[in-house]
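Here the structure is laid out as structure tokens; the discussion comes afterwards.
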Protein chains: 2
Amino acid sequence: MQKETSTYLNEVFIQHCRERGLKVTPQRITIYKALAGSTDHPTADFVYRNIHKEHPNISFETVNRTLLKFAETGILDVIESFSGARRFDPNLDSHHHIHCVQCGMIVDFKDEQFNNIQIPKQFKREYKVVSKRVVINVICELCQSK
Amino acid sequence: MQKETSTYLNEVFIQHCRERGLKVTPQRITIYKALAGSTDHPTADFVYRNIHKEHPNISFETVNRTLLKFAETGILDVIESFSGARRFDPNLDSHHHIHCVQCGMIVDFKDEQFNNIQIPKQFKREYKVVSKRVVINVICELCQSK
DNA sequence: TATTATATGAGAATTATTCTCATTTGTCAA
DNA sequence: TTGACAAATGAGAATAATTCTCATATAATA
Ligand SMILES: [Mn+2]
Ligand SMILES: [Mn+2]
Ligand SMILES: [Zn+2]
Ligand SMILES: [Zn+2]
């Protein structure tokens, strides 16, 4: 079962790469698996440290470049951050974010109504919309209790 | 008229500082004036370079610290960015952003309907809302033409 | 299996941000 | 007005985040 899931992920990923002209390297497979299905919003450093235990030979440089390459080819998104490190988002479904302004935690939420948000008419011609999202800045429970 | 506007701005700013326990320094006045009424979304470096021509004695460190202090005390906002440098927003009115994913340009837009966006019920108790905004990621006209 | 374009890893370079500390200055009370 | 003093400033160093360079390795293909 574990094995089958893994095999399935591999196949999905290989397909992704083929379609985008990316070589299927062990490093990329590792990084992809670390992110697939996650609703985290990690930094490159976070991904690196996460996989480092199991794969100590993958360099930070490769992790970072791979994440950027994945973003470039639509395998994941670069999302808004409030300075500090760049944040990646492996969840490509249309969704919105709750963002704690103190600790930087980002939580997904779904909302059909918000998905239908349209760019104002006056900007429609000028700008080609890539994506859109509601971002709610909050102080999370943990940060409130400090 | 120019003079009166300037005097008025000074008074508003002095009031701001008094209410927040900030000392009114020439550096802070300069930085405040450079931002007041602007709908830009500058980085600290941009603000620094802007005022440097006229005020070559103000250090980058002071500009940066002042912007952070202003953000801390509600004189301006730190807004979402997509990596690179932190972006500030002197426009405190409730508004939304169109953000070019190529050049980083950010344009304000107003929308009554979007202002009424509520945090989903299930999160209301857990998170204290600080602000909320629609962010529309686009490719701007200029970037499209490249 | 040989070719080749692409990817990787190490280290250096660059950019952005924060820290430290000696000095200066705004504020306030006398 | 004039100190006293807490806060602010500026210079430089330190740290964090990102990108670049280039020699080597490797996936894809024919
Ligand atoms: Mn997300
Ligand atoms: Mn704005
Ligand atoms: Zn938090
Ligand atoms: Zn643009």
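Chains: A, B, ... in order of the structure tokens. Residues: from 1 per chain. Ligands: from 1, in order shown.
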
- Hey, list the chain B side of the contact with chain D: 8 Å cut-off, only C-alpha atoms (C1' of nucleotides), answer as a ChimeraX atom specification. /B:23,59,61-62

Residues from last step as file, N, CA and C atoms, as a PDB file, in the first residue's frame:
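Contents of result.pdb, as written:
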ATOM      1  N   LYS B  23       9.189  60.047  18.721  1.00  0.00           N
ATOM      2  CA  LYS B  23       9.811  61.365  18.616  1.00  0.00           C
ATOM      3  C   LYS B  23       9.692  61.884  17.192  1.00  0.00           C
ATOM      4  N   SER B  59      20.517  57.837   6.620  1.00  0.00           N
ATOM      5  CA  SER B  59      21.090  56.514   6.312  1.00  0.00           C
ATOM      6  C   SER B  59      20.008  55.525   5.916  1.00  0.00           C
ATOM      7  N   GLU B  61      19.800  52.606   7.082  1.00  0.00           N
ATOM      8  CA  GLU B  61      19.373  51.971   8.318  1.00  0.00           C
ATOM      9  C   GLU B  61      18.214  52.723   8.963  1.00  0.00           C
ATOM     10  N   THR B  62      18.303  54.032   8.948  1.00  0.00           N
ATOM     11  CA  THR B  62      17.230  54.836   9.532  1.00  0.00           C
ATOM     12  C   THR B  62      15.942  54.740   8.703  1.00  0.00           C
TER      13      THR B  62
END

- Item | ligand 1 neighbours within 12 Å using only C-alpha atoms (C1' of nucleotides) and all ligand atoms, as JSON, numbers by chain | {"A": [37, 38, 39, 40, 41, 42, 76, 77, 78, 79, 80, 81, 87, 88, 89, 90, 91, 92, 93, 94, 95, 96, 97, 98, 99, 105, 106, 107, 108, 109, 110, 132, 133, 134, 135]}

- Query: Among chain A, which ones does DSSP place in alpha helix (DSSP H), written as a ChimeraX atom specification?
  - Reply: /A:2-20,26-35,44-52,60-72,112-115,121-124,141-144

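Counting from atom C1' of DA16 of chain C, the distance to atom CA of Gly84 of chain B is 7.6 Å.
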
- Task: Enumerate residues in contact with ligand 3: an atom-to-atom distance of at most 10 Å, counting only C-alpha atoms (C1' of nucleotides) and all ligand atoms. Format the result as a ChimeraX atom specification.
- Result: /A:99-106,138-146 /B:127

- For chain C, which of A:His52, A:Ile14, A:Ser83, A:Gln118 is the closest residue, counting only C-alpha atoms (C1' of nucleotides)? A:Ser83

- Message: With 10 Å as the limit and counting only C-alpha atoms (C1' of nucleotides), what residues in chain C lie close to chain A? Please list them as an MDAnalysis selection string.
- Response: chainID C and resid 6:10 16:17

Store the residues picked out above, limited to N, CA and C atoms (P, O5', C5', C4', C3', O3' and C1' of nucleotides), as a JSON list (two decimals), in the first residue's frame.
[["chain", "number", "residue", "atom", "x", "y", "z"],
["C", 6, "DT", "P", 18.91, 21.56, -23.35],
["C", 6, "DT", "O5'", 18.85, 20.94, -21.88],
["C", 6, "DT", "C5'", 18.33, 19.62, -21.70],
["C", 6, "DT", "C4'", 18.67, 19.16, -20.30],
["C", 6, "DT", "C3'", 18.44, 20.22, -19.22],
["C", 6, "DT", "O3'", 17.53, 19.64, -18.32],
["C", 6, "DT", "C1'", 20.56, 19.17, -18.96],
["C", 7, "DA", "P", 17.07, 20.31, -16.97],
["C", 7, "DA", "O5'", 18.09, 19.68, -15.91],
["C", 7, "DA", "C5'", 18.11, 18.28, -15.75],
["C", 7, "DA", "C4'", 19.02, 17.92, -14.59],
["C", 7, "DA", "C3'", 18.80, 18.75, -13.33],
["C", 7, "DA", "O3'", 18.74, 17.82, -12.26],
["C", 7, "DA", "C1'", 21.08, 18.84, -14.00],
["C", 8, "DT", "P", 18.63, 18.29, -10.78],
["C", 8, "DT", "O5'", 20.14, 18.23, -10.32],
["C", 8, "DT", "C5'", 20.80, 16.96, -10.27],
["C", 8, "DT", "C4'", 22.20, 17.15, -9.73],
["C", 8, "DT", "C3'", 22.25, 17.83, -8.37],
["C", 8, "DT", "O3'", 22.87, 16.92, -7.47],
["C", 8, "DT", "C1'", 23.82, 18.79, -9.89],
["C", 9, "DG", "P", 22.83, 17.17, -5.89],
["C", 9, "DG", "O5'", 24.22, 17.88, -5.66],
["C", 9, "DG", "C5'", 25.40, 17.20, -6.04],
["C", 9, "DG", "C4'", 26.62, 18.04, -5.70],
["C", 9, "DG", "C3'", 26.57, 18.73, -4.34],
["C", 9, "DG", "O3'", 27.89, 18.64, -3.83],
["C", 9, "DG", "C1'", 26.85, 20.36, -6.03],
["C", 10, "DA", "P", 28.19, 18.88, -2.30],
["C", 10, "DA", "O5'", 29.28, 20.04, -2.42],
["C", 10, "DA", "C5'", 30.42, 19.82, -3.25],
["C", 10, "DA", "C4'", 31.16, 21.13, -3.42],
["C", 10, "DA", "C3'", 31.22, 22.01, -2.17],
["C", 10, "DA", "O3'", 32.57, 22.35, -1.96],
["C", 10, "DA", "C1'", 30.36, 23.25, -4.01],
["C", 16, "DA", "P", 17.67, 43.45, -3.17],
["C", 16, "DA", "O5'", 17.47, 42.94, -1.68],
["C", 16, "DA", "C5'", 16.75, 41.74, -1.44],
["C", 16, "DA", "C4'", 16.61, 41.57, 0.04],
["C", 16, "DA", "C3'", 16.08, 42.80, 0.77],
["C", 16, "DA", "O3'", 14.97, 42.37, 1.53],
["C", 16, "DA", "C1'", 18.06, 41.99, 1.82],
["C", 17, "DT", "P", 14.23, 43.37, 2.55],
["C", 17, "DT", "O5'", 14.99, 43.04, 3.91],
["C", 17, "DT", "C5'", 14.95, 41.71, 4.39],
["C", 17, "DT", "C4'", 15.74, 41.65, 5.67],
["C", 17, "DT", "C3'", 15.31, 42.67, 6.72],
["C", 17, "DT", "O3'", 14.79, 41.92, 7.80],
["C", 17, "DT", "C1'", 17.67, 42.50, 6.55]]

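Reported to one decimal place, the separation of atom CA of Ala71 of chain B from atom CA of Phe46 of chain A is 27.4 Å.
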
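Between atom CA of Lys33 of chain A and atom C1' of DA5 of chain C there is a distance of 25.6 Å.
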
Using only C-alpha atoms and all ligand atoms, find each residue in chain A having at least one atom no more than 12 Å away from ligand 4; report its shortest atom-to-atom pair and that distance in Å (one decimal), rows by chain then rising number, as CSV.
residue,atom,partner,partner_atom_place_in_ligand_line,distance
A:Glu126,CA,ligand 4,1 (Zn),10.7
A:Tyr127,CA,ligand 4,1 (Zn),8.9
A:Lys128,CA,ligand 4,1 (Zn),10.1
A:Val129,CA,ligand 4,1 (Zn),11.6
A:Val130,CA,ligand 4,1 (Zn),12.0

Those same residues, written as a PDB file, in the first residue's frame with N, CA and C atoms?
ATOM      1  N   GLU A 126      -6.261  45.337 -19.790  1.00  0.00           N
ATOM      2  CA  GLU A 126      -4.862  45.694 -19.543  1.00  0.00           C
ATOM      3  C   GLU A 126      -4.044  44.525 -18.975  1.00  0.00           C
ATOM      4  N   TYR A 127      -4.670  43.788 -18.082  1.00  0.00           N
ATOM      5  CA  TYR A 127      -3.923  42.770 -17.349  1.00  0.00           C
ATOM      6  C   TYR A 127      -4.424  41.371 -17.665  1.00  0.00           C
ATOM      7  N   LYS A 128      -3.499  40.469 -17.893  1.00  0.00           N
ATOM      8  CA  LYS A 128      -3.838  39.062 -18.109  1.00  0.00           C
ATOM      9  C   LYS A 128      -3.799  38.360 -16.748  1.00  0.00           C
ATOM     10  N   VAL A 129      -4.963  37.891 -16.294  1.00  0.00           N
ATOM     11  CA  VAL A 129      -5.043  37.294 -14.954  1.00  0.00           C
ATOM     12  C   VAL A 129      -4.384  35.917 -14.917  1.00  0.00           C
ATOM     13  N   VAL A 130      -3.523  35.724 -13.944  1.00  0.00           N
ATOM     14  CA  VAL A 130      -2.819  34.455 -13.761  1.00  0.00           C
ATOM     15  C   VAL A 130      -3.491  33.644 -12.650  1.00  0.00           C
TER      16      VAL A 130
END
